[in-house]
$ cat input26.csv   # CSV, C-alpha atoms
chain,number,residue,atom,x,y,z
A,915,MET,CA,-15.6,25.0,-10.7
A,916,ALA,CA,-17.7,22.1,-11.8
A,917,SER,CA,-21.5,21.8,-11.7
A,918,ARG,CA,-21.6,21.0,-8.0
A,919,SER,CA,-25.0,19.3,-7.8
A,920,ALA,CA,-24.2,17.2,-10.9
A,921,VAL,CA,-20.8,16.2,-9.6
A,922,ARG,CA,-22.1,15.3,-6.1
A,923,SER,CA,-24.8,13.2,-7.8
A,924,LEU,CA,-22.2,11.4,-9.8
A,925,ALA,CA,-20.0,10.9,-6.8
A,926,ARG,CA,-22.9,9.2,-5.0
A,927,ALA,CA,-23.3,7.0,-8.0
A,928,ALA,CA,-19.7,6.2,-8.1
A,929,ALA,CA,-19.7,5.3,-4.4
A,930,SER,CA,-22.7,3.1,-5.0
A,931,ALA,CA,-21.0,1.4,-7.8
A,932,ALA,CA,-18.0,0.7,-5.6
A,933,ARG,CA,-20.3,-1.2,-3.3
A,934,ALA,CA,-21.7,-3.4,-6.1
A,935,PRO,CA,-21.0,-7.1,-6.2
A,936,LEU,CA,-17.8,-6.7,-8.2
A,937,ALA,CA,-16.2,-5.1,-5.3
A,938,THR,CA,-17.4,-7.7,-2.8
A,939,ARG,CA,-15.4,-10.6,-4.3
A,940,VAL,CA,-13.0,-10.9,-1.4
A,941,LEU,CA,-11.7,-14.0,0.2
A,942,GLY,CA,-12.6,-14.1,3.8
A,943,ALA,CA,-14.5,-10.8,4.2
A,944,ALA,CA,-15.5,-10.0,7.7
A,945,PRO,CA,-17.7,-7.4,9.3
A,946,ARG,CA,-16.1,-4.1,10.2
A,947,LEU,CA,-17.0,-4.8,13.8
A,948,ALA,CA,-14.4,-7.6,13.8
A,949,ALA,CA,-11.6,-5.0,13.6
A,950,ARG,CA,-12.4,-3.9,17.2
A,951,ALA,CA,-12.2,-7.4,18.6
A,952,ALA,CA,-9.0,-8.5,20.3
A,953,ALA,CA,-9.6,-12.2,19.9
A,954,PRO,CA,-8.8,-13.9,16.5
A,955,ALA,CA,-11.8,-14.5,14.2
A,956,VAL,CA,-11.9,-16.5,11.1
A,957,ALA,CA,-13.9,-14.8,8.4
A,958,THR,CA,-16.1,-16.5,5.9
A,959,SER,CA,-16.8,-16.1,2.2
A,960,SER,CA,-20.4,-15.4,1.1
A,961,PHE,CA,-19.9,-14.9,-2.6
A,962,GLN,CA,-19.3,-16.9,-5.8
A,963,GLN,CA,-15.9,-16.3,-7.4
A,964,THR,CA,-16.0,-16.5,-11.2
A,965,ARG,CA,-12.7,-15.1,-12.6
A,966,GLY,CA,-9.1,-16.4,-12.6
A,967,MET,CA,-5.9,-15.8,-14.5
A,968,LYS,CA,-6.4,-14.0,-17.8
A,969,THR,CA,-4.6,-11.8,-20.3
A,970,LEU,CA,-6.1,-8.3,-20.6
A,971,ASP,CA,-5.5,-5.2,-22.7
A,972,PHE,CA,-4.1,-2.3,-20.7
A,973,GLY,CA,-4.1,0.7,-23.1
A,974,GLY,CA,-2.9,-1.4,-26.0
A,975,SER,CA,-0.5,-3.7,-24.1
A,976,LYS,CA,-1.3,-7.3,-23.1
A,977,GLU,CA,-0.7,-8.2,-19.5
A,978,LYS,CA,-1.6,-11.2,-17.3
A,979,VAL,CA,-3.6,-10.7,-14.2
A,980,TYR,CA,-4.6,-13.1,-11.5
A,981,GLU,CA,-7.9,-13.0,-9.6
A,982,ARG,CA,-9.3,-15.0,-6.8
A,983,SER,CA,-11.4,-17.7,-8.4
A,984,ASP,CA,-8.4,-20.1,-8.9
A,985,TRP,CA,-7.7,-20.0,-5.2
A,986,PRO,CA,-11.0,-20.4,-3.2
A,987,LYS,CA,-10.5,-20.6,0.5
A,988,GLU,CA,-10.7,-24.3,0.7
A,989,LYS,CA,-7.9,-24.7,-1.8
A,990,LEU,CA,-5.8,-22.2,0.1
A,991,LEU,CA,-6.2,-24.0,3.3
A,992,ASP,CA,-5.2,-27.3,1.7
A,993,TYR,CA,-2.3,-25.8,-0.2
A,994,PHE,CA,-0.8,-24.2,2.9
A,995,LYS,CA,-1.8,-27.0,5.3
A,996,ASN,CA,1.8,-28.0,6.1
A,997,ASP,CA,3.2,-24.5,6.2
A,998,THR,CA,3.9,-22.0,9.0
A,999,ILE,CA,3.7,-18.5,7.6
A,1000,SER,CA,5.9,-16.3,9.7
A,1001,VAL,CA,5.3,-12.5,9.5
A,1002,LEU,CA,8.4,-10.6,10.6
A,1003,GLY,CA,7.4,-7.1,11.6
A,1004,TYR,CA,4.1,-5.6,12.8
A,1005,GLY,CA,4.2,-2.2,11.1
A,1006,PRO,CA,1.5,-1.3,8.5
A,1007,GLN,CA,2.2,-4.2,6.2
A,1008,GLY,CA,2.9,-6.8,8.9
A,1009,HIS,CA,-0.3,-5.8,10.7
A,1010,GLY,CA,-2.5,-5.8,7.7
A,1011,GLN,CA,-1.2,-9.0,6.0
A,1012,GLY,CA,-0.8,-10.9,9.3
A,1013,LEU,CA,-4.4,-10.2,10.4
A,1014,ASN,CA,-5.8,-11.0,6.9
A,1015,LEU,CA,-3.9,-14.3,6.8
A,1016,ARG,CA,-5.1,-15.2,10.3
A,1017,ASP,CA,-8.7,-14.4,9.4
A,1018,ASN,CA,-8.4,-16.6,6.4
A,1019,GLY,CA,-7.6,-19.5,8.7
A,1020,LEU,CA,-4.0,-20.1,7.8
A,1021,ASN,CA,-1.3,-21.1,10.2
A,1022,VAL,CA,0.4,-17.7,10.7
A,1023,ILE,CA,2.8,-16.4,13.4
A,1024,VAL,CA,4.3,-13.0,14.1
A,1025,GLY,CA,7.9,-12.1,14.9
A,1026,VAL,CA,8.7,-8.8,16.6
A,1027,ARG,CA,11.1,-7.4,19.2
A,1028,LYS,CA,9.8,-8.8,22.5
A,1029,ASP,CA,8.0,-6.3,24.8
A,1030,GLY,CA,8.4,-3.5,22.2
A,1031,ARG,CA,5.7,-1.3,20.9
A,1032,SER,CA,4.8,-3.7,18.1
A,1033,TRP,CA,4.8,-6.6,20.5
A,1034,LYS,CA,2.3,-4.8,22.7
A,1035,LYS,CA,0.1,-3.9,19.7
A,1036,ALA,CA,0.1,-7.5,18.5
A,1037,VAL,CA,-0.9,-8.8,22.0
A,1038,ALA,CA,-3.8,-6.3,22.0
A,1039,GLU,CA,-5.0,-7.6,18.7
A,1040,GLY,CA,-5.1,-11.2,19.8
A,1041,TRP,CA,-1.7,-12.6,19.1
A,1042,VAL,CA,-0.6,-14.9,21.9
A,1043,PRO,CA,3.0,-15.0,23.1
A,1044,GLY,CA,4.5,-18.5,22.8
A,1045,LYS,CA,1.6,-19.6,20.6
A,1046,ASN,CA,1.6,-17.3,17.5
A,1047,LEU,CA,3.8,-14.4,18.7
A,1048,PHE,CA,7.5,-14.8,19.1
A,1049,ASP,CA,10.7,-12.8,18.9
A,1050,ILE,CA,12.1,-12.3,15.4
A,1051,GLU,CA,14.7,-15.1,15.5
A,1052,GLU,CA,12.3,-17.7,16.8
A,1053,ALA,CA,9.6,-16.7,14.3
A,1054,ALA,CA,12.1,-16.8,11.4
A,1055,ASN,CA,13.2,-20.3,12.5
A,1056,LYS,CA,9.7,-21.7,12.8
A,1057,GLY,CA,8.5,-20.3,9.5
A,1058,THR,CA,8.5,-22.4,6.3
A,1059,ILE,CA,7.3,-19.2,4.5
A,1060,VAL,CA,9.0,-16.1,5.9
A,1061,LEU,CA,7.3,-12.8,5.2
A,1062,ASN,CA,10.1,-10.2,5.7
A,1063,LEU,CA,7.8,-7.1,6.4
A,1064,LEU,CA,10.2,-5.2,8.5
A,1065,SER,CA,11.0,-1.6,7.5
A,1066,ASP,CA,13.6,-1.2,4.8
A,1067,ALA,CA,16.2,0.0,7.3
A,1068,ALA,CA,15.4,-2.8,9.7
A,1069,GLN,CA,15.7,-5.4,6.9
A,1070,ARG,CA,19.3,-4.1,6.3
A,1071,ASP,CA,20.2,-4.0,10.0
A,1072,LEU,CA,18.6,-7.3,11.0
A,1073,TRP,CA,19.6,-9.4,8.0
A,1074,PRO,CA,22.6,-10.9,9.7
A,1075,THR,CA,20.3,-12.0,12.5
A,1076,ILE,CA,17.6,-13.4,10.2
A,1077,LYS,CA,19.7,-15.0,7.4
A,1078,PRO,CA,20.8,-18.1,9.4
A,1079,TYR,CA,17.2,-19.2,9.7
A,1080,ILE,CA,16.3,-18.8,6.0
A,1081,THR,CA,17.4,-22.4,5.2
A,1082,PRO,CA,17.0,-24.4,2.0
A,1083,GLY,CA,13.5,-25.4,1.1
A,1084,LYS,CA,11.9,-22.3,2.7
A,1085,THR,CA,10.3,-19.4,0.9
A,1086,LEU,CA,11.5,-15.8,1.6
A,1087,TYR,CA,8.8,-13.3,0.8
A,1088,PHE,CA,9.0,-9.5,0.5
A,1089,SER,CA,6.4,-6.8,-0.1
A,1090,HIS,CA,9.0,-4.4,-1.5
A,1091,GLY,CA,11.9,-4.9,-3.9
A,1092,PHE,CA,14.1,-2.5,-1.9
A,1093,ALA,CA,16.3,-4.9,0.0
A,1094,ILE,CA,17.1,-7.3,-2.9
A,1095,THR,CA,17.4,-4.6,-5.6
A,1096,TYR,CA,19.7,-2.3,-3.5
A,1097,LYS,CA,21.8,-5.2,-2.1
A,1098,ASP,CA,25.0,-3.1,-2.3
A,1099,GLN,CA,23.5,-0.8,0.3
A,1100,THR,CA,21.4,-3.4,2.3
A,1101,HIS,CA,23.7,-6.4,2.0
A,1102,VAL,CA,20.6,-8.6,1.6
A,1103,GLU,CA,21.2,-11.3,-0.9
A,1104,ALA,CA,19.0,-14.2,-1.9
A,1105,PRO,CA,20.1,-17.3,0.1
A,1106,GLU,CA,20.9,-20.5,-1.8
A,1107,GLY,CA,18.2,-23.1,-2.0
A,1108,VAL,CA,15.4,-20.7,-1.2
A,1109,ASP,CA,12.5,-19.4,-3.3
A,1110,VAL,CA,12.5,-15.6,-3.1
A,1111,VAL,CA,9.2,-13.9,-4.1
A,1112,LEU,CA,7.4,-10.6,-3.8
A,1113,CYS,CA,3.8,-9.5,-3.3
A,1114,ALA,CA,3.4,-5.8,-3.0
A,1115,PRO,CA,0.0,-4.4,-2.2
A,1116,LYS,CA,-0.5,-1.0,-3.9
A,1117,GLY,CA,-1.3,0.9,-0.8
A,1118,SER,CA,-0.7,0.9,2.9
A,1119,GLY,CA,-1.2,-2.2,5.1
A,1120,ALA,CA,-3.9,-0.2,7.0
A,1121,THR,CA,-5.8,0.2,3.7
A,1122,LEU,CA,-5.3,-3.5,2.9
A,1123,ARG,CA,-6.8,-4.4,6.2
A,1124,THR,CA,-9.7,-1.9,5.9
A,1125,LEU,CA,-10.7,-3.0,2.4
A,1126,PHE,CA,-10.5,-6.7,3.5
A,1127,LEU,CA,-12.9,-6.0,6.3
A,1128,GLU,CA,-15.2,-4.1,3.9
A,1129,GLY,CA,-15.3,-7.0,1.5
A,1130,LYS,CA,-13.0,-5.4,-1.1
A,1131,GLY,CA,-9.4,-5.8,-2.0
A,1132,LEU,CA,-6.2,-3.8,-2.7
A,1133,ASN,CA,-4.4,-4.6,-6.0
A,1134,SER,CA,-0.9,-6.1,-5.6
A,1135,SER,CA,2.1,-6.8,-7.9
A,1136,ILE,CA,3.9,-10.1,-7.8
A,1137,ALA,CA,7.4,-11.1,-8.8
A,1138,VAL,CA,9.8,-14.1,-8.5
A,1139,PHE,CA,13.5,-13.4,-8.0
A,1140,GLN,CA,14.6,-17.0,-7.3
A,1141,ASP,CA,12.7,-20.2,-8.1
A,1142,VAL,CA,14.4,-23.2,-6.6
A,1143,SER,CA,11.3,-25.3,-6.1
A,1144,GLY,CA,9.8,-24.7,-9.5
A,1145,LYS,CA,6.6,-23.6,-7.7
A,1146,ALA,CA,7.6,-20.1,-6.6
A,1147,HIS,CA,5.2,-18.3,-9.0
A,1148,GLU,CA,2.2,-20.5,-8.0
A,1149,ARG,CA,3.0,-20.0,-4.3
A,1150,VAL,CA,3.2,-16.2,-4.6
A,1151,VAL,CA,-0.1,-16.0,-6.4
A,1152,ALA,CA,-1.7,-18.1,-3.6
A,1153,LEU,CA,-0.1,-15.8,-1.0
A,1154,GLY,CA,-1.3,-12.7,-2.8
A,1155,VAL,CA,-4.9,-14.0,-2.7
A,1156,ALA,CA,-4.5,-15.1,1.0
A,1157,ILE,CA,-3.4,-11.6,2.2
A,1158,GLY,CA,-6.5,-10.1,0.6
A,1159,SER,CA,-5.4,-8.7,-2.7
A,1160,GLY,CA,-8.0,-7.6,-5.2
A,1161,TYR,CA,-6.1,-8.7,-8.3
A,1162,LEU,CA,-2.5,-9.5,-9.0
A,1163,TYR,CA,-0.2,-8.3,-11.8
A,1164,GLU,CA,3.3,-9.3,-12.7
A,1165,THR,CA,6.4,-7.2,-12.2
A,1166,THR,CA,10.1,-7.6,-11.2
A,1167,PHE,CA,11.8,-6.8,-7.9
A,1168,GLU,CA,13.6,-3.9,-9.6
A,1169,LYS,CA,10.6,-2.5,-11.4
A,1170,GLU,CA,8.5,-2.7,-8.2
A,1171,VAL,CA,10.9,-0.7,-6.1
A,1172,TYR,CA,11.5,1.9,-8.8
A,1173,SER,CA,7.8,2.5,-9.4
A,1174,ASP,CA,7.0,2.4,-5.7
A,1175,LEU,CA,9.7,4.9,-4.6
A,1176,PHE,CA,8.9,7.1,-7.6
A,1177,GLY,CA,5.2,7.1,-7.1
A,1178,GLU,CA,5.4,7.8,-3.3
A,1179,ARG,CA,7.7,10.8,-3.9
A,1180,GLY,CA,5.6,11.9,-6.9
A,1181,ILE,CA,1.9,12.0,-7.4
A,1182,LEU,CA,0.9,9.7,-4.5
A,1183,MET,CA,2.4,11.8,-1.7
A,1184,GLY,CA,5.2,14.2,-2.4
A,1185,ALA,CA,3.9,16.0,-5.5
A,1186,ILE,CA,0.3,16.2,-4.4
A,1187,ASN,CA,1.3,17.8,-1.1
A,1188,GLY,CA,3.5,20.3,-2.9
A,1189,LEU,CA,0.7,21.2,-5.3
A,1190,PHE,CA,-1.9,21.5,-2.6
A,1191,ARG,CA,0.4,23.9,-0.7
A,1192,ALA,CA,1.2,26.0,-3.8
A,1193,GLN,CA,-2.4,26.5,-4.9
A,1194,TYR,CA,-3.6,27.2,-1.3
A,1195,ASP,CA,-0.8,29.8,-0.8
A,1196,VAL,CA,-1.6,31.7,-4.0
A,1197,LEU,CA,-5.3,31.8,-3.1
A,1198,ARG,CA,-4.5,33.1,0.4
A,1199,ALA,CA,-2.0,35.7,-1.0
A,1200,ASN,CA,-4.8,37.0,-3.1
A,1201,GLY,CA,-7.2,37.5,-0.3
A,1202,HIS,CA,-9.2,34.3,-0.3
A,1203,SER,CA,-10.3,33.0,3.1
A,1204,PRO,CA,-8.8,29.8,4.5
A,1205,SER,CA,-12.1,28.0,4.2
A,1206,GLU,CA,-12.5,29.0,0.5
A,1207,ALA,CA,-8.8,28.2,-0.3
A,1208,PHE,CA,-9.1,24.8,1.3
A,1209,ASN,CA,-12.4,23.9,-0.3
A,1210,GLU,CA,-11.1,24.9,-3.8
A,1211,THR,CA,-7.8,23.1,-3.3
A,1212,VAL,CA,-8.3,20.0,-1.3
A,1213,GLU,CA,-11.9,19.3,-0.4
A,1214,GLU,CA,-13.4,19.4,-3.8
A,1215,ALA,CA,-10.5,17.3,-5.2
A,1216,THR,CA,-10.7,14.6,-2.6
A,1217,GLN,CA,-14.5,14.5,-2.0
A,1218,SER,CA,-15.8,15.2,-5.5
A,1219,LEU,CA,-13.5,15.0,-8.5
A,1220,ILE,CA,-10.9,12.3,-7.6
A,1221,PRO,CA,-13.7,9.8,-6.8
A,1222,LEU,CA,-15.1,10.4,-10.3
A,1223,ILE,CA,-11.6,9.8,-11.9
A,1224,GLY,CA,-11.4,6.6,-9.9
A,1225,ALA,CA,-14.8,5.5,-11.0
A,1226,LYS,CA,-14.6,6.1,-14.8
A,1227,GLY,CA,-11.5,8.0,-15.8
A,1228,MET,CA,-10.2,11.5,-16.4
A,1229,ASP,CA,-12.3,12.1,-19.5
A,1230,TRP,CA,-15.5,11.2,-17.7
A,1231,MET,CA,-14.7,13.6,-14.9
A,1232,TYR,CA,-14.1,16.4,-17.5
A,1233,ALA,CA,-17.3,15.5,-19.4
A,1234,ASN,CA,-19.3,15.9,-16.2
A,1235,CYS,CA,-18.0,19.3,-15.2
A,1236,SER,CA,-19.1,22.7,-16.4
A,1237,VAL,CA,-18.0,23.9,-19.9
A,1238,THR,CA,-15.9,26.6,-18.2
A,1239,ALA,CA,-14.2,24.1,-16.0
A,1240,GLN,CA,-13.6,21.8,-19.0
A,1241,ARG,CA,-12.0,24.5,-21.1
A,1242,GLY,CA,-9.7,25.8,-18.4
A,1243,ALA,CA,-8.5,22.3,-17.4
A,1244,LEU,CA,-7.8,21.2,-21.0
A,1245,ASP,CA,-6.0,24.5,-21.7
A,1246,TRP,CA,-3.8,24.4,-18.6
A,1247,HIS,CA,-3.0,20.8,-18.1
A,1248,GLN,CA,-0.2,20.8,-20.7
A,1249,LYS,CA,1.5,23.7,-18.9
A,1250,PHE,CA,1.5,21.7,-15.7
A,1251,TYR,CA,2.8,18.6,-17.6
A,1252,ASP,CA,5.6,20.6,-19.2
A,1253,SER,CA,6.7,22.2,-16.0
A,1254,SER,CA,6.6,19.0,-13.9
A,1255,LEU,CA,8.1,16.5,-16.4
A,1256,PRO,CA,11.7,17.6,-15.7
A,1257,VAL,CA,11.2,17.2,-12.0
A,1258,PHE,CA,9.8,13.7,-12.4
A,1259,LYS,CA,12.7,12.7,-14.7
A,1260,ASP,CA,15.1,13.9,-12.0
A,1261,LEU,CA,13.2,12.0,-9.4
A,1262,TYR,CA,13.2,8.7,-11.4
A,1263,GLU,CA,17.0,9.0,-11.9
A,1264,SER,CA,17.6,9.5,-8.2
A,1265,VAL,CA,15.6,6.3,-7.6
A,1266,ARG,CA,17.4,4.3,-10.3
A,1267,ASN,CA,21.0,5.4,-9.3
A,1268,GLY,CA,20.4,4.6,-5.6
A,1269,SER,CA,20.9,8.1,-4.2
A,1270,GLU,CA,17.3,8.2,-3.0
A,1271,THR,CA,17.6,4.9,-1.2
A,1272,LYS,CA,20.9,6.0,0.4
A,1273,ARG,CA,19.3,9.1,1.8
A,1274,ALA,CA,16.2,7.2,3.1
A,1275,LEU,CA,18.3,4.5,4.7
A,1276,ASP,CA,20.6,7.0,6.4
A,1277,LYS,CA,17.8,9.1,7.7
A,1278,ASN,CA,15.6,6.2,8.8
A,1279,SER,CA,18.5,4.6,10.7
A,1280,GLN,CA,19.1,7.5,13.0
A,1281,PRO,CA,18.3,6.7,16.6
A,1282,ASP,CA,16.1,9.8,16.9
A,1283,TYR,CA,14.2,9.1,13.7
A,1284,ARG,CA,10.8,8.8,15.2
A,1285,GLU,CA,11.3,12.0,17.2
A,1286,SER,CA,12.5,14.0,14.2
A,1287,LEU,CA,9.7,12.6,12.0
A,1288,GLU,CA,7.2,13.8,14.6
A,1289,VAL,CA,8.7,17.3,14.3
A,1290,GLU,CA,8.2,17.3,10.5
A,1291,LEU,CA,4.6,15.9,10.8
A,1292,LYS,CA,3.8,18.5,13.4
A,1293,GLU,CA,4.9,21.2,11.1
A,1294,ILE,CA,2.5,19.9,8.5
A,1295,ARG,CA,-0.3,19.3,11.0
A,1296,GLU,CA,0.0,22.8,12.4
A,1297,SER,CA,0.3,24.7,9.1
A,1298,GLU,CA,-2.7,26.8,8.2
A,1299,ILE,CA,-3.9,24.7,5.3
A,1300,TRP,CA,-4.3,21.6,7.4
A,1301,ARG,CA,-5.7,23.4,10.4
A,1302,ALA,CA,-8.3,24.8,8.1
A,1303,GLY,CA,-8.8,21.3,6.7
A,1304,GLU,CA,-9.6,20.0,10.2
A,1305,THR,CA,-12.4,22.5,10.6
A,1306,VAL,CA,-13.7,21.8,7.1
A,1307,ARG,CA,-13.8,18.0,7.7
A,1308,GLY,CA,-15.6,18.6,10.9
A,1309,LEU,CA,-18.4,20.3,9.0
A,1310,ARG,CA,-19.1,17.4,6.7
A,1311,PRO,CA,-22.7,16.1,7.4
A,1312,GLU,CA,-21.5,12.6,8.2
A,1313,ASN,CA,-19.4,14.1,11.0
A,1314,ASN,CA,-22.2,15.9,12.6
A,1315,LYS,CA,-24.5,13.1,13.4
$ encode --input "input26.csv" --output "structure tokens"
Amino acid sequence: MASRSAVRSLARAAASAARAPLATRVLGAAPRLAARAAAPAVATSSFQQTRGMKTLDFGGSKEKVYERSDWPKEKLLDYFKNDTISVLGYGPQGHGQGLNLRDNGLNVIVGVRKDGRSWKKAVAEGWVPGKNLFDIEEAANKGTIVLNLLSDAAQRDLWPTIKPYITPGKTLYFSHGFAITYKDQTHVEAPEGVDVVLCAPKGSGATLRTLFLEGKGLNSSIAVFQDVSGKAHERVVALGVAIGSGYLYETTFEKEVYSDLFGERGILMGAINGLFRAQYDVLRANGHSPSEAFNETVEEATQSLIPLIGAKGMDWMYANCSVTAQRGALDWHQKFYDSSLPVFKDLYESVRNGSETKRALDKNSQPDYRESLEVELKEIRESEIWRAGETVRGLRPENNK
């Protein structure tokens, strides 16, 4: 496809750029080794922050963004000195945000089902029962700022249990607009006398944690649904910095959940899986080996071309590929756009009208959900494309040291 040596060289340059000082501006960065430690560790900042809130041009539209310089660690510690930040749930977001808050020195506690899988995981990662690890009700009661990071289905099911503890003067925080936006299905409504805010990292909690430990940050969107104190916006910006966000941009609860559900089912996860499978199957049906089919479908995309798009954009990736690759991509991309646009329109409408959320809630609430999920993941894992991928990944030089 592309000029392989040139693209690999550019990929190395992009990777080097990603390690440049711009990407190291993270509050409380800690060595990767700290991830393996069970005991809590407070990270330290070793850089100078130089940028704060500003209005930038995004493709011709002006938007406000918030960076870390307005909230250095000392200011965060002073701002939250009288608060107990209660993290409900220890799934991907609860885990990532909770550990980052803890490493930044804030007074944070975790609330999960006692002696359950998440409780045991939290204990293994240094949370101490009775000190900063409690059951959900006690954690909700103790928190002045309550981060509701339970799964969407659990937020619906446990809201009657949690609601009595969300009393006037507190802040209720979400990382997904799901529960509030689809209140007709979840029955979660903003309590009176409470600030209700959102900070949604644009990626998994695991990635949020990994980038934090690497001295980087995951971008996050922020929103205010209810501002009783008059300081809800200020508080959610501070919380966004404290959890390790790269930069923050404004949205609404509704727009966040619409874009999030749409993106996950589309390009980010659903569509890319479908496209990988379709291209791989056509190559295999025409006599190409599994190795060749996987390399031309997944490996070159993830290891070579997508990093170039991430570094400098689609046009730059095109400009640094062979003339034959450029011409083919430019000629065919419109056909893929035309064929996929109706599917994306249908997907967005299913998100907006609530049918997508109803299906997700119904499925995720089944008592055997984890077991049925494993069946589906096993089917993917054991399909030829991803078994071939396991072998290809094992052949990467970095995996043969």
$ atom_distance --input "input26.csv" --atom1 "atom CA of A:Gly1180" --atom2 "atom CA of A:Tyr1194"
18.7 Å
$ closest_residue --input "input26.csv" --among "A:Asp1109, A:Asp1029, A:Asp1066, A:Asp1260" --to "A:Thr1081" --atoms "only C-alpha atoms"
A:Asp1109
$ residues_around --input "input26.csv" --residues "stretch 1058-1062 of chain A" --least-positions-apart "6" --cutoff "6 Å" --atoms "only C-alpha atoms" --output "compact mmCIF listing (two decimals) with C-alpha atoms, in the coordinates of the input"
# COMPACT_ATOMS: atom_id res chain seq x y z
CA ASP A 997 3.20 -24.50 6.20
CA THR A 998 3.90 -22.00 9.00
CA ILE A 999 3.70 -18.50 7.60
CA SER A 1000 5.90 -16.30 9.70
CA VAL A 1001 5.30 -12.50 9.50
CA LEU A 1002 8.40 -10.60 10.60
CA LYS A 1084 11.90 -22.30 2.70
CA THR A 1085 10.30 -19.40 0.90
CA LEU A 1086 11.50 -15.80 1.60
CA TYR A 1087 8.80 -13.30 0.80
CA PHE A 1088 9.00 -9.50 0.50
$ atom_distance --input "input26.csv" --atom1 "atom CA of A:Gly1010" --atom2 "atom CA of A:Ala1036"
11.2 Å
$ atom_distance --input "input26.csv" --atom1 "atom CA of A:Ala1192" --atom2 "atom CA of A:Ser1286"
24.4 Å
$ residues_around --input "input26.csv" --residues "stretch 1139-1149 of chain A" --least-positions-apart "5" --cutoff "6 Å" --atoms "all atoms listed in the file" --output "ChimeraX atom specification"
/A:1107,1109-1111
$ write_last_selection --input "input26.csv" --atoms "C-alpha atoms" --output "PDB file, in the frame of the given file"
ATOM      1  CA  GLY A1107      18.200 -23.100  -2.000  1.00  0.00           C
ATOM      2  CA  ASP A1109      12.500 -19.400  -3.300  1.00  0.00           C
ATOM      3  CA  VAL A1110      12.500 -15.600  -3.100  1.00  0.00           C
ATOM      4  CA  VAL A1111       9.200 -13.900  -4.100  1.00  0.00           C
TER       5      VAL A1111
END
